[in-house]
Amino acid sequence: MTEKITPKREKLLANLRVQRYTPGKDRAPYFDNFKVEVETGMTVLEALRYIKDTQDGSLTFRAFCRSAICGSCTVVVNGNPVLACSTQLMPILKDFGKASVTITPLQRLPILRDLVVDIDPVIEKLAKMHPYLMENRDRIPETLEQESLMSQKELSEFNYITDCILCSACFSACSTVKVDDNYAGPLTIAKAYRYSVDARDSFRGMRIQAAMDQGLWSCVQCRKCINVCPKDTRPADSIRHMRRIAIDDGIHDTPGSRRAKAYTDDVEKIGQVNKPMLPVIVHGTKGWAAIEAAEAALAKHGLEPTRQVCTLPGQEGAAKIYAKVREIEKKEKA
Ligand code: SF4
Ligand code: SF4
Ligand code: FES
């Protein structure tokens with residue numbers, strides 16, 4: 001006989017500290033505290049709903065599907081962007097070891113009211129990436145009855161990205177978005193990559209250019225976007241792949257691609273990156289100013305500047321790995 005498993009149900013009186021703000025009415029955002037009896041399984045959205053129904057009807061948040069599909073309910077809980085409808089409160093209270101959580105709206109986006117932000121800036125950046133297929137004439141079926149089929153291999157190039165629900169959690173967490181208004185953000189470059197490697201598409205060059213115009217090489221690969229993505233679509237990986245296809249397509253004349261090439265060339269030749277000379281390799285003659293400034297700073301502290309780094313022991317091993325990878329790549333292309 002199958003044993004019935006009854007999950008342990010717990011209750012905890014918690015304090016929900018929720019950011020409030022009505023532009024045009026409030027001078028600045030502030031916090032309201034609400035007492036909620038949190039039960040095992042209760043989501044952030046259910047708690048917000050409970051507050052709205054029983055304590056403050058003016059509390060404003062957004063949610064539609066309640067099934068982690070529409071991407072509309074993202075809020076920041078204790079500093080982490082999460083989907084309110086699929087995130088349970090009890091584990092967060094236990095993880096942080098106190099009966100209080102702080103809920104704020106997504107960062108880097110204008111607040112419309114309380115926890116609702118305007119996602120138009122993200123959509124505008126996305127629109128510049130041509131996020132749609134442009135017909136590849138070689139793949140158009142001859143008759144209307146035929147489908148444009150793809151192989152499993154072709155699909156696997158981008159299948160993992162198609163789960164993105166445009167929740168903007170990655171945009172809110174991104175280190176580069178924080179400092180660079182022009183930067184497209186993780187989800188938009190990931191979408192650009194998704195369409196660029198679709199065998200039915202013919203617009204790859206335009207999208208690579210659009211991604212470069214919006215900071216393709218500005219991503220610092222901190223991987224915060226990967227950590228917060230509720231759908232595990234790994235945007236930072238797509239950004240790396242987008243850079244690779246840009247280089248594969250012969251776009252070598254950018255600071256980012258020069259940096260990538262310098263890293264690989266140096267590690268192959270000397271086992272490490274020749275950092276003293278990197279600014280010149282990446283930025284051309286403009287890089288000399290950075291080198292001279294660094295050398296002056298070292299000299300000020302009595303240190304001898306050098307423009308050469310020594311070859312690391314074991315470099316032959318690194319060179320052999322390079323040779324092996326090139327061999328594999330050659331076979332794959334053949
Ligand atoms: S890896 Fe790149 S895109 Fe992702 S959060 Fe970091 S800087 Fe942003
Ligand atoms: S990549 Fe992930 S975190 Fe970013 S919008 Fe898509 S689903 Fe949300
Ligand atoms: S309400 Fe749709 S994803 Fe949460």
# chains A, B, ... in the order shown; residues from 1 in each chain; ligands from 1
call {"tool": "select_by_dssp", "arguments": {"residues": "region 58-259 of chain A", "states": "alpha helix (DSSP H)", "output": "VMD selection string"}}
result
chain A and resid 89 to 96 120 to 127 152 to 156 169 to 173 175 to 179 186 to 196 204 to 213 224 to 228 235 to 248 255 to 259
call {"tool": "closest_atom_pairs", "arguments": {"of": "chain A", "to": "ligand 3", "cutoff": "9 Å", "atoms": "only C-alpha atoms and all ligand atoms", "output": "Markdown table"}}
result
| residue | atom | partner | partner_atom_place_in_ligand_line | distance |
| --- | --- | --- | --- | --- |
| A:Leu45 | CA | ligand 3 | 4 (Fe) | 8.0 |
| A:Arg62 | CA | ligand 3 | 1 (S) | 7.4 |
| A:Ala63 | CA | ligand 3 | 1 (S) | 4.0 |
| A:Phe64 | CA | ligand 3 | 1 (S) | 4.4 |
| A:Cys65 | CA | ligand 3 | 2 (Fe) | 3.9 |
| A:Arg66 | CA | ligand 3 | 1 (S) | 3.7 |
| A:Ser67 | CA | ligand 3 | 2 (Fe) | 5.5 |
| A:Ala68 | CA | ligand 3 | 3 (S) | 3.5 |
| A:Ile69 | CA | ligand 3 | 3 (S) | 4.5 |
| A:Cys70 | CA | ligand 3 | 2 (Fe) | 3.9 |
| A:Gly71 | CA | ligand 3 | 3 (S) | 3.8 |
| A:Ser72 | CA | ligand 3 | 2 (Fe) | 5.1 |
| A:Cys73 | CA | ligand 3 | 4 (Fe) | 4.4 |
| A:Thr74 | CA | ligand 3 | 4 (Fe) | 6.8 |
| A:Leu83 | CA | ligand 3 | 4 (Fe) | 5.4 |
| A:Ala84 | CA | ligand 3 | 4 (Fe) | 5.8 |
| A:Cys85 | CA | ligand 3 | 4 (Fe) | 4.4 |
| A:Ser86 | CA | ligand 3 | 4 (Fe) | 6.6 |
| A:Ile165 | CA | ligand 3 | 3 (S) | 7.8 |
| A:Cys167 | CA | ligand 3 | 3 (S) | 7.3 |
call {"tool": "residues_near_ligand", "arguments": {"ligand": "ligand 1", "cutoff": "10 Å", "atoms": "only C-alpha atoms and all ligand atoms", "output": "PyMOL selection string"}}
result
chain A and resi 169-179+183-190+215-228+234-240
call {"tool": "residues_around", "arguments": {"residues": "Ser58 (chain A)", "least_positions_apart": "5", "cutoff": "10 Å", "atoms": "only C-alpha atoms", "output": "ChimeraX atom specification"}}
result
/A:20,51-53,114
call {"tool": "closest_residue", "arguments": {"among": "A:Gly24, A:Gly250, A:Gly205, A:Pro81", "to": "ligand 2", "atoms": "only C-alpha atoms and all ligand atoms"}}
result
A:Pro81
call {"tool": "closest_residue", "arguments": {"among": "A:Met129, A:Met134, A:Cys310, A:Val267", "to": "Ile208 (chain A)", "atoms": "only C-alpha atoms"}}
result
A:Met129
call {"tool": "closest_residue", "arguments": {"among": "A:Glu268, A:Asp213, A:Asp163, A:Glu142", "to": "ligand 2", "atoms": "only C-alpha atoms and all ligand atoms"}}
result
A:Asp163
call {"tool": "residues_around", "arguments": {"residues": "region 317-323 of chain A", "least_positions_apart": "2", "cutoff": "10 Å", "atoms": "only C-alpha atoms", "output": "CSV table (one decimal) with C-alpha atoms, in the first residue's frame"}}
result
chain,number,residue,atom,x,y,z
A,264,THR,CA,43.6,33.7,-26.6
A,265,ASP,CA,46.9,34.6,-28.5
A,267,VAL,CA,47.6,32.4,-23.4
A,268,GLU,CA,48.7,30.2,-26.4
A,269,LYS,CA,52.1,31.9,-26.7
A,270,ILE,CA,53.1,32.7,-23.1
A,271,GLY,CA,50.5,31.0,-20.9
A,272,GLN,CA,49.1,34.2,-19.5
A,312,LEU,CA,54.5,30.7,-17.4
A,313,PRO,CA,55.7,27.1,-16.8
A,314,GLY,CA,53.5,24.6,-18.5
A,315,GLN,CA,52.8,26.9,-21.5
A,325,VAL,CA,40.8,22.5,-30.2
A,326,ARG,CA,41.7,23.8,-33.6
A,327,GLU,CA,41.9,20.2,-34.9
A,328,ILE,CA,38.3,19.5,-33.5
A,329,GLU,CA,37.0,22.8,-35.0
call {"tool": "residues_around", "arguments": {"residues": "Glu37 (chain A)", "least_positions_apart": "6", "cutoff": "10 Å", "atoms": "only C-alpha atoms", "output": "number ranges by chain"}}
result
A: 11-15, 47, 50
call {"tool": "write_last_selection", "arguments": {"atoms": "N, CA and C atoms", "output": "mmCIF file, in the first residue's frame"}}
result
data_model
loop_
_atom_site.group_PDB
_atom_site.id
_atom_site.type_symbol
_atom_site.label_atom_id
_atom_site.label_comp_id
_atom_site.auth_asym_id
_atom_site.auth_seq_id
_atom_site.Cartn_x
_atom_site.Cartn_y
_atom_site.Cartn_z
ATOM 1 N N LYS A 11 3.384 27.803 10.115
ATOM 2 C CA LYS A 11 2.850 29.167 10.043
ATOM 3 C C LYS A 11 3.824 30.093 10.756
ATOM 4 N N LEU A 12 3.929 31.304 10.253
ATOM 5 C CA LEU A 12 4.881 32.245 10.864
ATOM 6 C C LEU A 12 4.335 33.657 10.660
ATOM 7 N N LEU A 13 4.246 34.410 11.739
ATOM 8 C CA LEU A 13 3.789 35.800 11.598
ATOM 9 C C LEU A 13 4.975 36.634 11.110
ATOM 10 N N ALA A 14 4.855 37.156 9.876
ATOM 11 C CA ALA A 14 6.004 37.863 9.282
ATOM 12 C C ALA A 14 5.667 39.324 9.023
ATOM 13 N N ASN A 15 6.729 40.107 8.949
ATOM 14 C CA ASN A 15 6.577 41.523 8.604
ATOM 15 C C ASN A 15 6.986 41.702 7.145
ATOM 16 N N ALA A 47 0.764 36.775 -0.718
ATOM 17 C CA ALA A 47 0.898 37.672 0.433
ATOM 18 C C ALA A 47 0.521 39.103 0.045
ATOM 19 N N TYR A 50 -3.139 39.284 -0.276
ATOM 20 C CA TYR A 50 -3.765 39.282 1.057
ATOM 21 C C TYR A 50 -3.726 40.701 1.652
#
call {"tool": "closest_residue", "arguments": {"among": "A:Asn80, A:Asn274, A:Ser151, A:Gln55", "to": "ligand 2", "atoms": "only C-alpha atoms and all ligand atoms"}}
result
A:Asn80
call {"tool": "atom_distance", "arguments": {"atom1": "CA of Glu10 (chain A)", "atom2": "CA of Val77 (chain A)"}}
result
20.7 Å
call {"tool": "select_by_dssp", "arguments": {"residues": "region 52-246 of chain A", "states": "strand (DSSP E or B)", "output": "number ranges by chain"}}
result
A: 74-77, 80-83, 88, 100-104, 111-113, 116-117, 135, 201
call {"tool": "write_last_selection", "arguments": {"atoms": "N, CA and C atoms", "output": "CSV table (one decimal), in the first residue's frame"}}
result
chain,number,residue,atom,x,y,z
A,74,THR,N,7.3,40.3,-11.7
A,74,THR,CA,8.6,40.3,-11.1
A,74,THR,C,8.7,41.5,-10.1
A,75,VAL,N,9.2,41.1,-8.9
A,75,VAL,CA,9.5,42.1,-7.9
A,75,VAL,C,10.9,41.7,-7.3
A,76,VAL,N,11.4,42.6,-6.5
A,76,VAL,CA,12.7,42.3,-5.9
A,76,VAL,C,12.4,42.0,-4.4
A,77,VAL,N,12.8,40.8,-4.0
A,77,VAL,CA,12.6,40.3,-2.6
A,77,VAL,C,14.0,40.2,-1.9
A,80,ASN,N,16.8,40.3,-4.4
A,80,ASN,CA,16.8,39.4,-5.5
A,80,ASN,C,15.6,39.5,-6.4
A,81,PRO,N,15.7,39.8,-7.7
A,81,PRO,CA,14.5,39.8,-8.5
A,81,PRO,C,13.9,38.4,-8.7
A,82,VAL,N,12.6,38.3,-8.4
A,82,VAL,CA,12.0,37.0,-8.5
A,82,VAL,C,10.6,37.1,-9.1
A,83,LEU,N,10.0,36.0,-9.6
A,83,LEU,CA,8.6,36.0,-10.0
A,83,LEU,C,7.8,35.9,-8.7
A,88,GLN,N,8.0,31.2,-3.1
A,88,GLN,CA,7.4,31.0,-1.8
A,88,GLN,C,8.1,31.8,-0.7
A,100,SER,N,11.0,38.8,8.6
A,100,SER,CA,10.8,40.0,7.9
A,100,SER,C,11.4,39.9,6.5
A,101,VAL,N,10.7,40.4,5.5
A,101,VAL,CA,11.2,40.5,4.1
A,101,VAL,C,11.0,41.9,3.6
A,102,THR,N,11.8,42.3,2.7
A,102,THR,CA,11.7,43.6,2.0
A,102,THR,C,11.3,43.4,0.6
A,103,ILE,N,10.3,44.0,0.1
A,103,ILE,CA,9.8,43.9,-1.3
A,103,ILE,C,9.9,45.2,-2.0
A,104,THR,N,10.6,45.3,-3.1
A,104,THR,CA,10.8,46.5,-3.8
A,104,THR,C,10.5,46.3,-5.3
A,111,ILE,N,9.5,53.7,-12.0
A,111,ILE,CA,8.3,53.2,-11.2
A,111,ILE,C,7.1,53.9,-11.7
A,112,LEU,N,6.0,53.2,-12.0
A,112,LEU,CA,4.7,53.7,-12.3
A,112,LEU,C,3.9,54.0,-11.1
A,113,ARG,N,4.0,53.0,-10.2
A,113,ARG,CA,3.3,53.1,-8.9
A,113,ARG,C,3.7,51.9,-8.0
A,116,VAL,N,4.9,48.5,-9.4
A,116,VAL,CA,4.8,48.4,-10.9
A,116,VAL,C,5.8,49.3,-11.6
A,117,VAL,N,6.6,48.7,-12.5
A,117,VAL,CA,7.5,49.5,-13.2
A,117,VAL,C,7.1,49.6,-14.7
A,135,GLU,N,13.0,35.9,-43.6
A,135,GLU,CA,13.0,34.7,-44.3
A,135,GLU,C,14.3,34.4,-45.0
A,201,ASP,N,16.4,32.0,-40.7
A,201,ASP,CA,16.6,33.4,-40.7
A,201,ASP,C,17.7,33.9,-41.6
call {"tool": "residues_around", "arguments": {"residues": "region 296-301 of chain A", "least_positions_apart": "6", "cutoff": "12 Å", "atoms": "only C-alpha atoms", "output": "VMD selection string"}}
result
chain A and resid 276 289 to 290
call {"tool": "write_last_selection", "arguments": {"atoms": "C-alpha atoms", "output": "PDB file, in the first residue's frame"}}
result
ATOM      1  CA  PRO A 276      50.753  45.668 -19.430  1.00  0.00           C
ATOM      2  CA  ALA A 289      47.889  57.050 -22.210  1.00  0.00           C
ATOM      3  CA  ALA A 290      46.593  54.280 -19.911  1.00  0.00           C
TER       4      ALA A 290
END
call {"tool": "atom_distance", "arguments": {"atom1": "CA of Met90 (chain A)", "atom2": "CA of Lys35 (chain A)"}}
result
14.2 Å
call {"tool": "decode", "arguments": {"residues": "region 60-212 of chain A", "atoms": "C-alpha atoms", "output": "PDB file, in the first residue's frame"}}
result
ATOM      1  CA  THR A  60      -0.300  48.334  -6.399  1.00  0.00           C
ATOM      2  CA  PHE A  61       1.456  45.404  -8.067  1.00  0.00           C
ATOM      3  CA  ARG A  62       1.117  43.606 -11.386  1.00  0.00           C
ATOM      4  CA  ALA A  63       0.272  39.939 -12.085  1.00  0.00           C
ATOM      5  CA  PHE A  64      -1.688  38.125 -14.757  1.00  0.00           C
ATOM      6  CA  CYS A  65      -1.120  34.402 -15.274  1.00  0.00           C
ATOM      7  CA  ARG A  66      -0.081  33.364 -11.714  1.00  0.00           C
ATOM      8  CA  SER A  67       1.710  30.447 -13.398  1.00  0.00           C
ATOM      9  CA  ALA A  68       5.235  31.784 -14.105  1.00  0.00           C
ATOM     10  CA  ILE A  69       4.377  32.248 -17.774  1.00  0.00           C
ATOM     11  CA  CYS A  70       3.515  35.892 -18.492  1.00  0.00           C
ATOM     12  CA  GLY A  71       6.534  37.474 -16.745  1.00  0.00           C
ATOM     13  CA  SER A  72       4.490  40.387 -15.396  1.00  0.00           C
ATOM     14  CA  CYS A  73       4.826  39.905 -11.629  1.00  0.00           C
ATOM     15  CA  THR A  74       8.589  40.306 -11.105  1.00  0.00           C
ATOM     16  CA  VAL A  75       9.532  42.110  -7.900  1.00  0.00           C
ATOM     17  CA  VAL A  76      12.702  42.314  -5.852  1.00  0.00           C
ATOM     18  CA  VAL A  77      12.616  40.347  -2.577  1.00  0.00           C
ATOM     19  CA  ASN A  78      15.491  40.979  -0.168  1.00  0.00           C
ATOM     20  CA  GLY A  79      17.543  42.276  -3.107  1.00  0.00           C
ATOM     21  CA  ASN A  80      16.830  39.415  -5.539  1.00  0.00           C
ATOM     22  CA  PRO A  81      14.508  39.805  -8.532  1.00  0.00           C
ATOM     23  CA  VAL A  82      11.955  36.968  -8.480  1.00  0.00           C
ATOM     24  CA  LEU A  83       8.597  36.041  -9.957  1.00  0.00           C
ATOM     25  CA  ALA A  84       6.114  36.867  -7.178  1.00  0.00           C
ATOM     26  CA  CYS A  85       3.697  34.166  -8.331  1.00  0.00           C
ATOM     27  CA  SER A  86       6.161  31.276  -8.146  1.00  0.00           C
ATOM     28  CA  THR A  87       8.323  32.299  -5.200  1.00  0.00           C
ATOM     29  CA  GLN A  88       7.358  31.012  -1.779  1.00  0.00           C
ATOM     30  CA  LEU A  89       7.875  33.226   1.249  1.00  0.00           C
ATOM     31  CA  MET A  90       8.588  30.596   3.913  1.00  0.00           C
ATOM     32  CA  PRO A  91      11.961  29.432   2.470  1.00  0.00           C
ATOM     33  CA  ILE A  92      13.068  33.078   2.133  1.00  0.00           C
ATOM     34  CA  LEU A  93      12.135  33.825   5.747  1.00  0.00           C
ATOM     35  CA  LYS A  94      14.072  30.741   6.847  1.00  0.00           C
ATOM     36  CA  ASP A  95      17.097  31.486   4.623  1.00  0.00           C
ATOM     37  CA  PHE A  96      17.417  34.997   5.994  1.00  0.00           C
ATOM     38  CA  GLY A  97      16.700  33.789   9.530  1.00  0.00           C
ATOM     39  CA  LYS A  98      14.279  36.550  10.431  1.00  0.00           C
ATOM     40  CA  ALA A  99      10.539  37.121  10.298  1.00  0.00           C
ATOM     41  CA  SER A 100      10.775  40.025   7.878  1.00  0.00           C
ATOM     42  CA  VAL A 101      11.225  40.490   4.124  1.00  0.00           C
ATOM     43  CA  THR A 102      11.671  43.608   2.035  1.00  0.00           C
ATOM     44  CA  ILE A 103       9.838  43.862  -1.283  1.00  0.00           C
ATOM     45  CA  THR A 104      10.788  46.539  -3.800  1.00  0.00           C
ATOM     46  CA  PRO A 105      10.090  47.093  -7.514  1.00  0.00           C
ATOM     47  CA  LEU A 106      12.516  46.058 -10.266  1.00  0.00           C
ATOM     48  CA  GLN A 107      15.604  48.254 -10.404  1.00  0.00           C
ATOM     49  CA  ARG A 108      16.783  50.390 -13.368  1.00  0.00           C
ATOM     50  CA  LEU A 109      13.232  50.905 -14.650  1.00  0.00           C
ATOM     51  CA  PRO A 110      10.897  53.855 -13.982  1.00  0.00           C
ATOM     52  CA  ILE A 111       8.345  53.236 -11.213  1.00  0.00           C
ATOM     53  CA  LEU A 112       4.744  53.747 -12.331  1.00  0.00           C
ATOM     54  CA  ARG A 113       3.348  53.088  -8.861  1.00  0.00           C
ATOM     55  CA  ASP A 114       4.476  51.040  -5.828  1.00  0.00           C
ATOM     56  CA  LEU A 115       5.757  47.715  -7.249  1.00  0.00           C
ATOM     57  CA  VAL A 116       4.761  48.367 -10.868  1.00  0.00           C
ATOM     58  CA  VAL A 117       7.517  49.502 -13.235  1.00  0.00           C
ATOM     59  CA  ASP A 118       7.432  50.713 -16.820  1.00  0.00           C
ATOM     60  CA  ILE A 119       9.064  48.039 -19.005  1.00  0.00           C
ATOM     61  CA  ASP A 120       8.900  50.150 -22.183  1.00  0.00           C
ATOM     62  CA  PRO A 121      12.662  50.943 -22.016  1.00  0.00           C
ATOM     63  CA  VAL A 122      13.375  47.190 -22.226  1.00  0.00           C
ATOM     64  CA  ILE A 123      10.906  46.701 -25.065  1.00  0.00           C
ATOM     65  CA  GLU A 124      12.414  49.653 -26.978  1.00  0.00           C
ATOM     66  CA  LYS A 125      15.886  48.125 -26.668  1.00  0.00           C
ATOM     67  CA  LEU A 126      14.514  44.758 -27.727  1.00  0.00           C
ATOM     68  CA  ALA A 127      12.785  46.257 -30.787  1.00  0.00           C
ATOM     69  CA  LYS A 128      16.153  47.538 -32.052  1.00  0.00           C
ATOM     70  CA  MET A 129      17.432  43.921 -32.154  1.00  0.00           C
ATOM     71  CA  HIS A 130      14.961  42.844 -34.885  1.00  0.00           C
ATOM     72  CA  PRO A 131      13.448  40.105 -32.665  1.00  0.00           C
ATOM     73  CA  TYR A 132      11.705  38.205 -35.462  1.00  0.00           C
ATOM     74  CA  LEU A 133      12.643  35.892 -38.311  1.00  0.00           C
ATOM     75  CA  MET A 134      13.522  37.347 -41.703  1.00  0.00           C
ATOM     76  CA  GLU A 135      12.979  34.683 -44.321  1.00  0.00           C
ATOM     77  CA  ASN A 136      15.916  32.587 -45.424  1.00  0.00           C
ATOM     78  CA  ARG A 137      15.017  31.918 -49.071  1.00  0.00           C
ATOM     79  CA  ASP A 138      16.855  28.591 -49.037  1.00  0.00           C
ATOM     80  CA  ARG A 139      14.474  27.333 -46.373  1.00  0.00           C
ATOM     81  CA  ILE A 140      11.146  28.477 -47.798  1.00  0.00           C
ATOM     82  CA  PRO A 141       8.936  25.441 -48.572  1.00  0.00           C
ATOM     83  CA  GLU A 142       7.862  25.052 -52.180  1.00  0.00           C
ATOM     84  CA  THR A 143       4.179  24.709 -51.354  1.00  0.00           C
ATOM     85  CA  LEU A 144       1.945  26.088 -48.628  1.00  0.00           C
ATOM     86  CA  GLU A 145       1.272  22.555 -47.407  1.00  0.00           C
ATOM     87  CA  GLN A 146       4.947  21.979 -46.567  1.00  0.00           C
ATOM     88  CA  GLU A 147       6.574  23.104 -43.328  1.00  0.00           C
ATOM     89  CA  SER A 148      10.011  24.661 -42.918  1.00  0.00           C
ATOM     90  CA  LEU A 149      11.459  21.870 -40.808  1.00  0.00           C
ATOM     91  CA  MET A 150      14.584  22.081 -38.670  1.00  0.00           C
ATOM     92  CA  SER A 151      16.894  19.324 -37.497  1.00  0.00           C
ATOM     93  CA  GLN A 152      17.331  18.640 -33.762  1.00  0.00           C
ATOM     94  CA  LYS A 153      20.885  19.994 -34.044  1.00  0.00           C
ATOM     95  CA  GLU A 154      19.664  23.272 -35.563  1.00  0.00           C
ATOM     96  CA  LEU A 155      17.007  23.589 -32.868  1.00  0.00           C
ATOM     97  CA  SER A 156      19.466  22.894 -30.057  1.00  0.00           C
ATOM     98  CA  GLU A 157      21.445  26.031 -31.064  1.00  0.00           C
ATOM     99  CA  PHE A 158      18.754  28.253 -29.513  1.00  0.00           C
ATOM    100  CA  ASN A 159      16.063  26.061 -27.960  1.00  0.00           C
ATOM    101  CA  TYR A 160      17.154  26.857 -24.400  1.00  0.00           C
ATOM    102  CA  ILE A 161      16.512  30.585 -24.973  1.00  0.00           C
ATOM    103  CA  THR A 162      12.930  30.229 -26.171  1.00  0.00           C
ATOM    104  CA  ASP A 163      11.687  29.794 -22.579  1.00  0.00           C
ATOM    105  CA  CYS A 164      12.405  33.479 -21.842  1.00  0.00           C
ATOM    106  CA  ILE A 165       9.197  35.152 -20.612  1.00  0.00           C
ATOM    107  CA  LEU A 166      10.511  38.754 -20.760  1.00  0.00           C
ATOM    108  CA  CYS A 167      10.191  39.121 -16.993  1.00  0.00           C
ATOM    109  CA  SER A 168      13.142  41.590 -16.889  1.00  0.00           C
ATOM    110  CA  ALA A 169      14.646  40.029 -13.752  1.00  0.00           C
ATOM    111  CA  CYS A 170      17.991  39.783 -15.563  1.00  0.00           C
ATOM    112  CA  PHE A 171      17.769  43.414 -16.705  1.00  0.00           C
ATOM    113  CA  SER A 172      17.165  44.565 -13.123  1.00  0.00           C
ATOM    114  CA  ALA A 173      20.129  42.554 -11.777  1.00  0.00           C
ATOM    115  CA  CYS A 174      22.606  43.357 -14.567  1.00  0.00           C
ATOM    116  CA  SER A 175      25.884  45.003 -13.525  1.00  0.00           C
ATOM    117  CA  THR A 176      26.345  46.708 -16.898  1.00  0.00           C
ATOM    118  CA  VAL A 177      22.788  48.076 -17.121  1.00  0.00           C
ATOM    119  CA  LYS A 178      23.538  49.729 -13.769  1.00  0.00           C
ATOM    120  CA  VAL A 179      26.334  51.860 -15.215  1.00  0.00           C
ATOM    121  CA  ASP A 180      25.574  52.115 -18.951  1.00  0.00           C
ATOM    122  CA  ASP A 181      22.217  53.477 -20.155  1.00  0.00           C
ATOM    123  CA  ASN A 182      23.046  52.484 -23.731  1.00  0.00           C
ATOM    124  CA  TYR A 183      23.540  48.824 -22.866  1.00  0.00           C
ATOM    125  CA  ALA A 184      20.842  46.595 -24.339  1.00  0.00           C
ATOM    126  CA  GLY A 185      20.676  44.247 -21.370  1.00  0.00           C
ATOM    127  CA  PRO A 186      20.913  40.461 -21.126  1.00  0.00           C
ATOM    128  CA  LEU A 187      17.505  39.405 -22.402  1.00  0.00           C
ATOM    129  CA  THR A 188      17.646  41.565 -25.537  1.00  0.00           C
ATOM    130  CA  ILE A 189      21.052  40.305 -26.664  1.00  0.00           C
ATOM    131  CA  ALA A 190      19.956  36.747 -25.860  1.00  0.00           C
ATOM    132  CA  LYS A 191      16.911  37.237 -28.099  1.00  0.00           C
ATOM    133  CA  ALA A 192      19.104  38.692 -30.842  1.00  0.00           C
ATOM    134  CA  TYR A 193      21.275  35.583 -30.645  1.00  0.00           C
ATOM    135  CA  ARG A 194      18.223  33.296 -30.636  1.00  0.00           C
ATOM    136  CA  TYR A 195      17.027  34.651 -34.006  1.00  0.00           C
ATOM    137  CA  SER A 196      20.511  35.021 -35.477  1.00  0.00           C
ATOM    138  CA  VAL A 197      21.274  31.299 -35.201  1.00  0.00           C
ATOM    139  CA  ASP A 198      17.866  30.159 -36.419  1.00  0.00           C
ATOM    140  CA  ALA A 199      18.404  28.321 -39.716  1.00  0.00           C
ATOM    141  CA  ARG A 200      15.224  29.890 -41.146  1.00  0.00           C
ATOM    142  CA  ASP A 201      16.582  33.428 -40.696  1.00  0.00           C
ATOM    143  CA  SER A 202      18.692  35.675 -42.933  1.00  0.00           C
ATOM    144  CA  PHE A 203      19.114  38.815 -40.790  1.00  0.00           C
ATOM    145  CA  ARG A 204      22.102  37.801 -38.675  1.00  0.00           C
ATOM    146  CA  GLY A 205      24.404  40.582 -39.887  1.00  0.00           C
ATOM    147  CA  MET A 206      21.883  43.309 -39.031  1.00  0.00           C
ATOM    148  CA  ARG A 207      21.317  41.859 -35.581  1.00  0.00           C
ATOM    149  CA  ILE A 208      25.031  41.559 -34.816  1.00  0.00           C
ATOM    150  CA  GLN A 209      25.429  45.209 -35.799  1.00  0.00           C
ATOM    151  CA  ALA A 210      22.433  46.182 -33.612  1.00  0.00           C
ATOM    152  CA  ALA A 211      23.893  44.215 -30.681  1.00  0.00           C
ATOM    153  CA  MET A 212      27.286  45.907 -31.133  1.00  0.00           C
TER     154      MET A 212
END
